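**Q** Below is data.txt; it holds compact mmCIF, C-alpha atoms.
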# COMPACT_ATOMS: atom_id res chain seq x y z
CA MET A 1 -9.93 11.11 -9.91
CA ARG A 2 -12.93 12.52 -8.09
CA GLY A 3 -16.07 10.91 -6.73
CA PRO A 4 -16.39 7.31 -5.48
CA VAL A 5 -15.11 5.72 -8.72
CA GLY A 6 -12.07 8.00 -8.94
CA VAL A 7 -11.26 7.46 -5.27
CA PHE A 8 -11.56 3.69 -5.72
CA VAL A 9 -9.02 3.77 -8.57
CA LEU A 10 -6.69 6.04 -6.57
CA VAL A 11 -6.84 3.81 -3.49
CA GLY A 12 -6.10 0.82 -5.71
CA PHE A 13 -2.97 2.47 -7.08
CA GLU A 14 -1.92 3.56 -3.60
CA THR A 15 -2.14 -0.06 -2.44
CA LEU A 16 -0.22 -1.50 -5.39
CA ALA A 17 2.41 1.23 -5.60
CA GLY A 18 2.95 1.27 -1.84
CA THR A 19 3.37 -2.50 -1.80
CA PHE A 20 6.02 -2.36 -4.50
CA LEU A 21 7.86 0.53 -2.85
CA LEU A 22 8.13 -1.29 0.48
CA MET A 23 8.99 -4.55 -1.25
CA TRP A 24 11.87 -2.77 -3.01
CA VAL A 25 13.03 -1.30 0.32
CA THR A 26 12.96 -4.82 1.77
CA MET A 27 15.21 -5.94 -1.07
CA LEU A 28 17.68 -3.22 -0.14
CA VAL A 29 17.67 -3.91 3.59
CA TRP A 30 17.03 -7.65 3.99
CA ARG A 31 19.16 -9.64 1.56
CA VAL A 32 18.17 -12.86 3.38
CA VAL A 33 14.74 -12.82 1.69
CA ASP A 34 14.88 -15.13 -1.32
CA ARG A 35 14.35 -13.68 -4.82
CA GLY A 36 11.32 -15.93 -5.17
CA HIS A 37 9.40 -13.53 -2.93
CA TYR A 38 9.99 -10.62 -5.30
CA ARG A 39 9.20 -12.72 -8.37
CA ALA A 40 5.90 -13.98 -6.93
CA ALA A 41 4.79 -10.54 -5.73
CA THR A 42 5.70 -8.81 -8.99
CA TYR A 43 3.85 -11.44 -11.02
CA CYS A 44 0.72 -10.35 -9.11
CA LEU A 45 1.41 -6.61 -9.34
CA ILE A 46 1.97 -6.45 -13.12
CA PRO A 47 -1.54 -7.49 -14.29
CA LEU A 48 -3.24 -5.54 -11.49
CA VAL A 49 -1.41 -2.29 -12.31
CA GLY A 50 -1.92 -2.85 -16.03
CA ALA A 51 -5.65 -3.48 -15.69
CA LEU A 52 -6.16 -0.55 -13.30
CA SER A 53 -4.29 1.76 -15.70
CA PHE A 54 -7.23 1.52 -18.12
CA ALA A 55 -9.42 3.14 -15.44
CA LEU A 56 -7.13 6.16 -15.09
CA PRO A 57 -8.02 9.49 -16.73
CA GLY A 58 -6.46 9.98 -20.14
CA SER A 59 -3.86 12.38 -18.76
CA LEU A 60 -2.53 9.69 -16.40
CA ARG A 61 -3.00 6.53 -18.44
CA LEU A 62 0.42 6.68 -20.10
CA GLU A 63 2.16 6.83 -16.71
CA GLY A 64 0.16 3.77 -15.63
CA PHE A 65 1.30 1.78 -18.65
CA ILE A 66 4.89 2.96 -18.19
CA LEU A 67 4.78 1.75 -14.59
CA THR A 68 3.42 -1.60 -15.79
CA GLY A 69 6.34 -1.91 -18.21
CA LEU A 70 8.86 -1.03 -15.51
CA LEU A 71 7.41 -3.68 -13.20
CA ALA A 72 7.84 -6.22 -16.00
CA ALA A 73 11.45 -5.03 -16.44
CA PHE A 74 11.99 -5.40 -12.69
CA LEU A 75 10.72 -8.98 -12.87
CA ILE A 76 13.21 -9.74 -15.65
CA ALA A 77 15.95 -8.10 -13.58
CA VAL A 78 15.14 -10.34 -10.61
CA TYR A 79 15.44 -13.37 -12.86
CA SER A 80 18.83 -12.07 -14.01
CA GLN A 81 20.04 -12.16 -10.37
CA ARG A 82 22.11 -9.02 -10.88
CA PRO A 83 21.69 -6.80 -7.78
CA THR A 84 22.73 -3.57 -9.50
CA ILE A 85 20.13 -4.00 -12.26
CA GLU A 86 17.45 -5.06 -9.74
CA ILE A 87 18.05 -2.04 -7.56
CA GLY A 88 18.29 0.39 -10.49
CA ILE A 89 15.07 -0.69 -12.21
CA GLY A 90 13.33 -0.93 -8.84
CA ALA A 91 14.34 2.66 -8.08
CA LEU A 92 13.04 3.83 -11.47
CA ALA A 93 9.72 2.02 -10.98
CA SER A 94 9.44 3.49 -7.48
CA GLY A 95 10.03 7.00 -8.82
CA VAL A 96 7.35 6.60 -11.49
CA SER A 97 4.97 5.23 -8.82
CA ILE A 98 5.48 8.31 -6.66
CA TRP A 99 5.06 10.67 -9.63
CA LEU A 100 1.82 8.95 -10.64
CA LEU A 101 0.45 9.20 -7.11
CA VAL A 102 1.39 12.88 -6.87
CA ARG A 103 -0.46 13.69 -10.10
CA ALA A 104 -3.46 11.52 -9.24
CA GLY A 105 -3.70 12.96 -5.72
CA SER A 106 -3.54 16.48 -7.08
CA GLN A 107 -6.33 15.82 -9.57
CA GLY A 108 -8.44 14.22 -6.86
CA CYS A 109 -9.05 17.53 -5.11
CA GLY A 110 -8.63 19.99 -7.95
CA GLY A 111 -4.92 20.70 -7.45
CA CYS A 112 -4.83 20.97 -3.66
CA THR A 113 -1.78 19.87 -1.69
CA ASP A 114 -4.01 17.93 0.71
CA GLY A 115 -4.77 15.42 -2.03
CA ILE A 116 -1.08 14.90 -2.76
CA ALA A 117 -0.24 14.44 0.92
CA LEU A 118 -3.13 12.01 1.38
CA SER A 119 -2.12 9.92 -1.65
CA MET A 120 1.43 9.64 -0.28
CA LEU A 121 0.11 8.73 3.15
CA GLY A 122 -2.26 6.21 1.57
CA ALA A 123 0.58 4.52 -0.30
CA PHE A 124 2.56 4.27 2.95
CA PHE A 125 -0.41 2.99 4.96
CA LEU A 126 -2.01 0.57 2.49
CA GLY A 127 1.35 -0.52 1.13
CA ALA A 128 2.61 -1.29 4.64
CA VAL A 129 -0.34 -3.54 5.47
CA THR A 130 -0.33 -5.33 2.11
CA HIS A 131 3.43 -5.73 2.03
CA ALA A 132 3.45 -7.26 5.52
CA MET A 133 0.74 -9.71 4.44
CA VAL A 134 2.62 -10.74 1.27
CA LEU A 135 5.90 -11.10 3.17
CA GLY A 136 4.18 -13.16 5.86
CA HIS A 137 3.01 -15.55 3.15
CA TRP A 138 6.56 -16.04 1.96
CA TYR A 139 7.53 -17.62 5.28
CA LEU A 140 5.61 -20.71 4.14
CA ASN A 141 8.00 -21.02 1.19
CA GLN A 142 11.21 -20.11 3.03
CA PRO A 143 10.74 -21.74 6.45
CA ARG A 144 14.21 -20.90 7.75
CA LEU A 145 13.88 -17.22 6.95
CA PRO A 146 14.77 -15.14 10.04
CA ILE A 147 11.86 -13.35 11.68
CA GLU A 148 13.57 -9.93 11.51
CA PRO A 149 12.25 -8.94 8.03
CA LEU A 150 8.65 -9.54 9.14
CA LYS A 151 9.32 -7.68 12.40
CA GLY A 152 10.53 -4.74 10.35
CA ALA A 153 7.44 -4.85 8.13
CA THR A 154 5.24 -4.97 11.25
CA ARG A 155 6.95 -1.91 12.74
CA ILE A 156 6.41 0.01 9.49
CA MET A 157 2.74 -0.98 9.48
CA ILE A 158 2.20 0.19 13.06
CA ALA A 159 3.93 3.49 12.28
CA SER A 160 1.73 3.98 9.20
CA VAL A 161 -1.43 3.46 11.25
CA ALA A 162 -0.24 6.10 13.72
CA PHE A 163 0.42 8.59 10.92
CA VAL A 164 -3.04 8.05 9.39
CA ILE A 165 -4.77 8.48 12.76
CA VAL A 166 -2.94 11.76 13.34
CA ALA A 167 -3.83 13.01 9.83
CA GLY A 168 -7.51 12.09 10.16
CA VAL A 169 -7.93 13.61 13.61
CA ALA A 170 -5.99 16.77 12.71
CA THR A 171 -8.18 17.46 9.66
CA ARG A 172 -11.52 16.45 11.18
CA GLY A 173 -12.87 20.01 11.22
CA ARG A 174 -12.60 20.28 7.43
CA LEU A 175 -13.51 16.72 6.58
CA VAL A 176 -16.89 16.75 8.33
CA LYS A 177 -17.92 19.73 6.18
CA ALA A 178 -17.46 17.83 2.91
CA ILE A 179 -20.47 17.49 0.59
CA LEU A 180 -20.67 13.88 -0.59
CA PRO A 181 -22.58 12.97 -3.77
CA GLY A 182 -25.09 10.14 -3.90
CA ILE A 183 -28.76 9.23 -4.16
CA VAL A 184 -29.08 8.91 -0.39
CA SER A 185 -27.52 11.74 1.59
CA PHE A 186 -25.39 11.02 4.64
CA SER A 187 -23.53 13.58 6.66
CA ALA A 188 -19.78 13.71 6.28
CA ALA A 189 -19.56 13.51 10.07
CA GLY A 190 -21.19 10.07 9.88
CA TYR A 191 -18.60 8.93 7.36
CA TRP A 192 -15.83 10.29 9.58
CA TRP A 193 -17.03 8.25 12.54
CA ALA A 194 -17.13 5.16 10.30
CA TRP A 195 -13.50 5.94 9.47
CA VAL A 196 -12.71 6.14 13.19
CA LEU A 197 -14.12 2.65 13.79
CA LEU A 198 -12.23 1.19 10.83
CA ILE A 199 -8.89 2.82 11.66
CA VAL A 200 -9.14 1.84 15.33
CA GLY A 201 -9.92 -1.71 14.24
CA THR A 202 -6.86 -1.65 11.99
CA GLY A 203 -4.73 -0.41 14.88
CA VAL A 204 -5.93 -3.19 17.17
CA LEU A 205 -5.23 -5.76 14.47
CA ALA A 206 -1.75 -4.28 13.97
CA LEU A 207 -0.99 -4.81 17.67
CA LEU A 208 -2.27 -8.40 17.46
CA VAL A 209 -0.06 -8.95 14.42
CA ARG A 210 2.90 -7.66 16.41
CA ALA A 211 2.18 -10.13 19.20
CA THR A 212 1.97 -13.09 16.81
CA VAL A 213 5.09 -12.07 14.87
CA TRP A 214 7.13 -11.69 18.05
CA ALA A 215 5.88 -15.16 19.03
CA ARG A 216 7.09 -16.38 15.60
CA SER A 217 3.58 -17.46 14.64
CA THR A 218 3.79 -16.22 11.06
CA GLN A 219 0.68 -18.03 9.81
CA SER A 220 -1.47 -16.42 12.51
CA ALA A 221 0.04 -13.03 11.69
CA THR A 222 -0.74 -13.47 7.99
CA GLY A 223 -4.35 -14.36 8.75
CA LEU A 224 -4.75 -11.24 10.88
CA LEU A 225 -3.15 -9.15 8.12
CA TYR A 226 -5.81 -10.33 5.67
CA ILE A 227 -8.46 -8.80 7.95
CA ALA A 228 -6.34 -5.68 8.51
CA MET A 229 -6.19 -5.15 4.73
CA LEU A 230 -10.00 -4.95 4.59
CA THR A 231 -10.31 -2.46 7.44
CA ALA A 232 -7.35 -0.41 6.16
CA ILE A 233 -8.70 -0.12 2.60
CA GLY A 234 -12.16 0.74 3.91
CA ALA A 235 -10.79 3.40 6.25
CA HIS A 236 -8.61 5.07 3.64
CA PHE A 237 -11.35 4.95 1.02
CA ILE A 238 -13.63 6.93 3.33
CA LEU A 239 -10.90 9.42 4.23
CA SER A 240 -10.02 9.93 0.55
CA LEU A 241 -13.69 10.35 -0.36
CA LEU A 242 -14.04 13.15 2.19
CA VAL A 243 -11.00 14.94 0.72
CA ALA A 244 -12.09 14.54 -2.91
CA PRO A 245 -15.92 14.65 -3.00
Rewrite the structure from the file as structure tokens, please.

**A**
Amino acid sequence: MRGPVGVFVLVGFETLAGTFLLMWVTMLVWRVVDRGHYRAATYCLIPLVGALSFALPGSLRLEGFILTGLLAAFLIAVYSQRPTIEIGIGALASGVSIWLLVRAGSQGCGGCTDGIALSMLGAFFLGAVTHAMVLGHWYLNQPRLPIEPLKGATRIMIASVAFVIVAGVATRGRLVKAILPGIVSFSAAGYWWAWVLLIVGTGVLALLVRATVWARSTQSATGLLYIAMLTAIGAHFILSLLVAP
């Protein structure tokens, strides 16, 4: 899980796993969200996690396929409309997601705890942005859905941006000393400043999303979240690349 390719795969799993984790939390907290939201989102997650599992190192591939199977089981549980089964399988899939991210993050920097912490933070950050975007979409299908679930998702996203900013700034001294591979050499400090621009852009977009959500303009919020996904993924890719060169 090292180098640009390994970091790309790790960031992909952080996005997908984080989205599922926060979607499952939404199921626990906001029962007003229709089951159709969870079915639609899981239908997208299953093939993406399954396909990305083939790109994992051999030591992690089995966990990727197990997670894919658990997501399929969760989808069946949602169709069954039995809350206890939904919650139980969702908890199991969430646990496997966290375990996979811990192992992948550890491999990304040769067993360091920084890699594990960053993979957890990445799942929280990227999952928060993506989950808010997916939930915002669902308001087109459930027009009378109260705005509170999307407000909650927006608060989580803003908190995740704050955590990532603190982590990046606090570790700047070590990150700018990283040696990055490539045909053309660029200083790690240059990459770090690119991360600053991307994360600040994500923060500004998060505040704009908050304003549109509080104004109950869910379509505008979803459009802004699409852009925030791009800046968030770009920012965390750079930060992860500096940790696991």

**Q** Which one is closest to A:Met27: A:Ile233, A:Ala194, A:Leu135, A:Ile87? Count all atoms listed in the file.

**A**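 The shortest atom-to-atom distance to A:Met27 comes from A:Ile87.
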
**Q** Atom CA of A:Ala93 to atom CA of A:Leu71: how many Å, to one decimal?

**A**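 For atom CA of A:Ala93 relative to atom CA of A:Leu71, the distance reads 6.5 Å.
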
**Q** Taking a cut-off of 9 Å and counting all atoms listed in the file, can you build a table that, for each residue of stretch 107-138 of chain A near stretch 146-159 of chain A, reports the nearest atom pair and how far apart they are in Å (one decimal), sorted by chain then residue number, as JSON lines?

**A**
{"residue": "A:Phe124", "atom": "CA", "partner": "A:Met157", "partner_atom": "CA", "distance": 8.4}
{"residue": "A:Phe125", "atom": "CA", "partner": "A:Met157", "partner_atom": "CA", "distance": 6.8}
{"residue": "A:Leu126", "atom": "CA", "partner": "A:Met157", "partner_atom": "CA", "distance": 8.6}
{"residue": "A:Gly127", "atom": "CA", "partner": "A:Met157", "partner_atom": "CA", "distance": 8.5}
{"residue": "A:Ala128", "atom": "CA", "partner": "A:Met157", "partner_atom": "CA", "distance": 4.9}
{"residue": "A:Val129", "atom": "CA", "partner": "A:Met157", "partner_atom": "CA", "distance": 5.7}
{"residue": "A:His131", "atom": "CA", "partner": "A:Ala153", "partner_atom": "CA", "distance": 7.4}
{"residue": "A:Ala132", "atom": "CA", "partner": "A:Ala153", "partner_atom": "CA", "distance": 5.3}
{"residue": "A:Leu135", "atom": "CA", "partner": "A:Leu150", "partner_atom": "CA", "distance": 6.8}
{"residue": "A:Gly136", "atom": "CA", "partner": "A:Leu150", "partner_atom": "CA", "distance": 6.6}

**Q** With only C-alpha atoms as the basis for distance, which of A:Ala228, A:Leu48, A:Ala189, A:Val164 is at the shortest distance from A:Val204?

**A** A:Ala228

**Q** Report, in Å to a single decimal, how far apart atom CA of A:His137 and atom CA of A:Asp34 are.

**A** 12.7 Å

**Q** Would you mind telling me which residue in A:Pro4, A:Gly105, A:Pro83, A:Gly36 lies nearest to A:Gln142 when using all atoms listed in the file?

**A** A:Gly36

**Q** Might you pull out every residue within 8 Å of A:Leu145, with only C-alpha atoms counted and same-chain residues fewer than 3 positions away left off, and present them as a ChimeraX atom specification?

**A** /A:32-33,139,142

**Q** If you count only C-alpha atoms, which residues fall within 12 Å of A:Leu45, apart from same-chain ones fewer than 6 positions away, as a PyMOL selection string?

**A** chain A and resi 12-13+15-21+23+38-39+51-53+67-72+74-75+130-131+134

**Q** Show which residues sit within 7 Å of A:Phe237, as JSON, numbers by chain. Count all atoms listed in the file, and ignore same-chain residues fewer than 5 positions away.

**A** {"A": [7, 8, 11]}

**Q** Considering all atoms listed in the file, state which residue in the set A:Tyr79, A:Glu14, A:Gly58, A:Val9 is at the smallest distance from A:Ile98.

**A** A:Glu14

**Q** So which one's closest to A:Val102, A:Gly115, A:Arg216, A:Trp193, A:Gly50? Using all atoms listed in the file, please.

**A** A:Gly115

**Q** Which of these, A:Ala232, A:Leu56, A:Leu10, A:Ala77, has the shortest distance to A:Thr42 once you count all atoms listed in the file?

**A**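 Nearest to A:Thr42: A:Ala77.
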
**Q** Please indicate the distance in Å from atom CA of A:Ala215 to atom CA of A:Gly203, rounded to one decimal place.

**A**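 About the pair atom CA of A:Ala215 and atom CA of A:Gly203: they are 18.6 Å apart.
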
**Q** Can you patch up stretch 221-243 of chain A, filling it in to N, CA and C atoms, and show the result as a PDB file, keeping the file's coordinate frame?

**A**
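And here's out.pdb as it stands now:
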ATOM      1  N   ALA A 221      -0.151 -14.434  12.055  1.00  0.00           N
ATOM      2  CA  ALA A 221       0.040 -13.030  11.690  1.00  0.00           C
ATOM      3  C   ALA A 221      -0.507 -12.750  10.297  1.00  0.00           C
ATOM      4  N   THR A 222      -0.254 -13.660   9.357  1.00  0.00           N
ATOM      5  CA  THR A 222      -0.740 -13.470   7.990  1.00  0.00           C
ATOM      6  C   THR A 222      -2.252 -13.472   7.940  1.00  0.00           C
ATOM      7  N   GLY A 223      -2.889 -14.345   8.704  1.00  0.00           N
ATOM      8  CA  GLY A 223      -4.350 -14.360   8.750  1.00  0.00           C
ATOM      9  C   GLY A 223      -4.919 -13.055   9.280  1.00  0.00           C
ATOM     10  N   LEU A 224      -4.309 -12.521  10.334  1.00  0.00           N
ATOM     11  CA  LEU A 224      -4.750 -11.240  10.880  1.00  0.00           C
ATOM     12  C   LEU A 224      -4.524 -10.102   9.876  1.00  0.00           C
ATOM     13  N   LEU A 225      -3.442 -10.193   9.107  1.00  0.00           N
ATOM     14  CA  LEU A 225      -3.150  -9.150   8.120  1.00  0.00           C
ATOM     15  C   LEU A 225      -4.171  -9.136   6.991  1.00  0.00           C
ATOM     16  N   TYR A 226      -4.731 -10.292   6.655  1.00  0.00           N
ATOM     17  CA  TYR A 226      -5.810 -10.330   5.670  1.00  0.00           C
ATOM     18  C   TYR A 226      -6.973  -9.442   6.137  1.00  0.00           C
ATOM     19  N   ILE A 227      -7.349  -9.594   7.402  1.00  0.00           N
ATOM     20  CA  ILE A 227      -8.460  -8.800   7.950  1.00  0.00           C
ATOM     21  C   ILE A 227      -8.063  -7.327   8.018  1.00  0.00           C
ATOM     22  N   ALA A 228      -6.819  -7.063   8.414  1.00  0.00           N
ATOM     23  CA  ALA A 228      -6.340  -5.680   8.510  1.00  0.00           C
ATOM     24  C   ALA A 228      -6.367  -4.991   7.153  1.00  0.00           C
ATOM     25  N   MET A 229      -6.112  -5.744   6.073  1.00  0.00           N
ATOM     26  CA  MET A 229      -6.190  -5.150   4.730  1.00  0.00           C
ATOM     27  C   MET A 229      -7.589  -4.617   4.453  1.00  0.00           C
ATOM     28  N   LEU A 230      -8.609  -5.366   4.845  1.00  0.00           N
ATOM     29  CA  LEU A 230     -10.000  -4.950   4.590  1.00  0.00           C
ATOM     30  C   LEU A 230     -10.337  -3.677   5.368  1.00  0.00           C
ATOM     31  N   THR A 231      -9.989  -3.645   6.637  1.00  0.00           N
ATOM     32  CA  THR A 231     -10.310  -2.460   7.440  1.00  0.00           C
ATOM     33  C   THR A 231      -9.476  -1.258   6.988  1.00  0.00           C
ATOM     34  N   ALA A 232      -8.222  -1.498   6.596  1.00  0.00           N
ATOM     35  CA  ALA A 232      -7.350  -0.410   6.160  1.00  0.00           C
ATOM     36  C   ALA A 232      -7.854   0.209   4.859  1.00  0.00           C
ATOM     37  N   ILE A 233      -8.196  -0.634   3.893  1.00  0.00           N
ATOM     38  CA  ILE A 233      -8.700  -0.120   2.600  1.00  0.00           C
ATOM     39  C   ILE A 233     -10.009   0.621   2.810  1.00  0.00           C
ATOM     40  N   GLY A 234     -10.898   0.055   3.639  1.00  0.00           N
ATOM     41  CA  GLY A 234     -12.160   0.740   3.910  1.00  0.00           C
ATOM     42  C   GLY A 234     -11.953   2.085   4.570  1.00  0.00           C
ATOM     43  N   ALA A 235     -11.046   2.149   5.540  1.00  0.00           N
ATOM     44  CA  ALA A 235     -10.790   3.400   6.250  1.00  0.00           C
ATOM     45  C   ALA A 235     -10.217   4.451   5.314  1.00  0.00           C
ATOM     46  N   HIS A 236      -9.242   4.060   4.495  1.00  0.00           N
ATOM     47  CA  HIS A 236      -8.610   5.070   3.640  1.00  0.00           C
ATOM     48  C   HIS A 236      -9.519   5.472   2.489  1.00  0.00           C
ATOM     49  N   PHE A 237     -10.377   4.583   2.047  1.00  0.00           N
ATOM     50  CA  PHE A 237     -11.350   4.950   1.020  1.00  0.00           C
ATOM     51  C   PHE A 237     -12.263   6.067   1.533  1.00  0.00           C
ATOM     52  N   ILE A 238     -12.748   5.918   2.756  1.00  0.00           N
ATOM     53  CA  ILE A 238     -13.630   6.930   3.330  1.00  0.00           C
ATOM     54  C   ILE A 238     -12.889   8.246   3.500  1.00  0.00           C
ATOM     55  N   LEU A 239     -11.664   8.192   4.022  1.00  0.00           N
ATOM     56  CA  LEU A 239     -10.900   9.420   4.230  1.00  0.00           C
ATOM     57  C   LEU A 239     -10.627  10.120   2.899  1.00  0.00           C
ATOM     58  N   SER A 240     -10.287   9.350   1.868  1.00  0.00           N
ATOM     59  CA  SER A 240     -10.020   9.930   0.550  1.00  0.00           C
ATOM     60  C   SER A 240     -11.295  10.506  -0.055  1.00  0.00           C
ATOM     61  N   LEU A 241     -12.421   9.866   0.176  1.00  0.00           N
ATOM     62  CA  LEU A 241     -13.690  10.350  -0.360  1.00  0.00           C
ATOM     63  C   LEU A 241     -14.070  11.688   0.267  1.00  0.00           C
ATOM     64  N   LEU A 242     -13.747  11.880   1.527  1.00  0.00           N
ATOM     65  CA  LEU A 242     -14.040  13.150   2.190  1.00  0.00           C
ATOM     66  C   LEU A 242     -13.138  14.276   1.668  1.00  0.00           C
ATOM     67  N   VAL A 243     -11.912  13.931   1.253  1.00  0.00           N
ATOM     68  CA  VAL A 243     -11.000  14.940   0.720  1.00  0.00           C
ATOM     69  C   VAL A 243     -11.358  15.290  -0.711  1.00  0.00           C
TER      70      VAL A 243
END
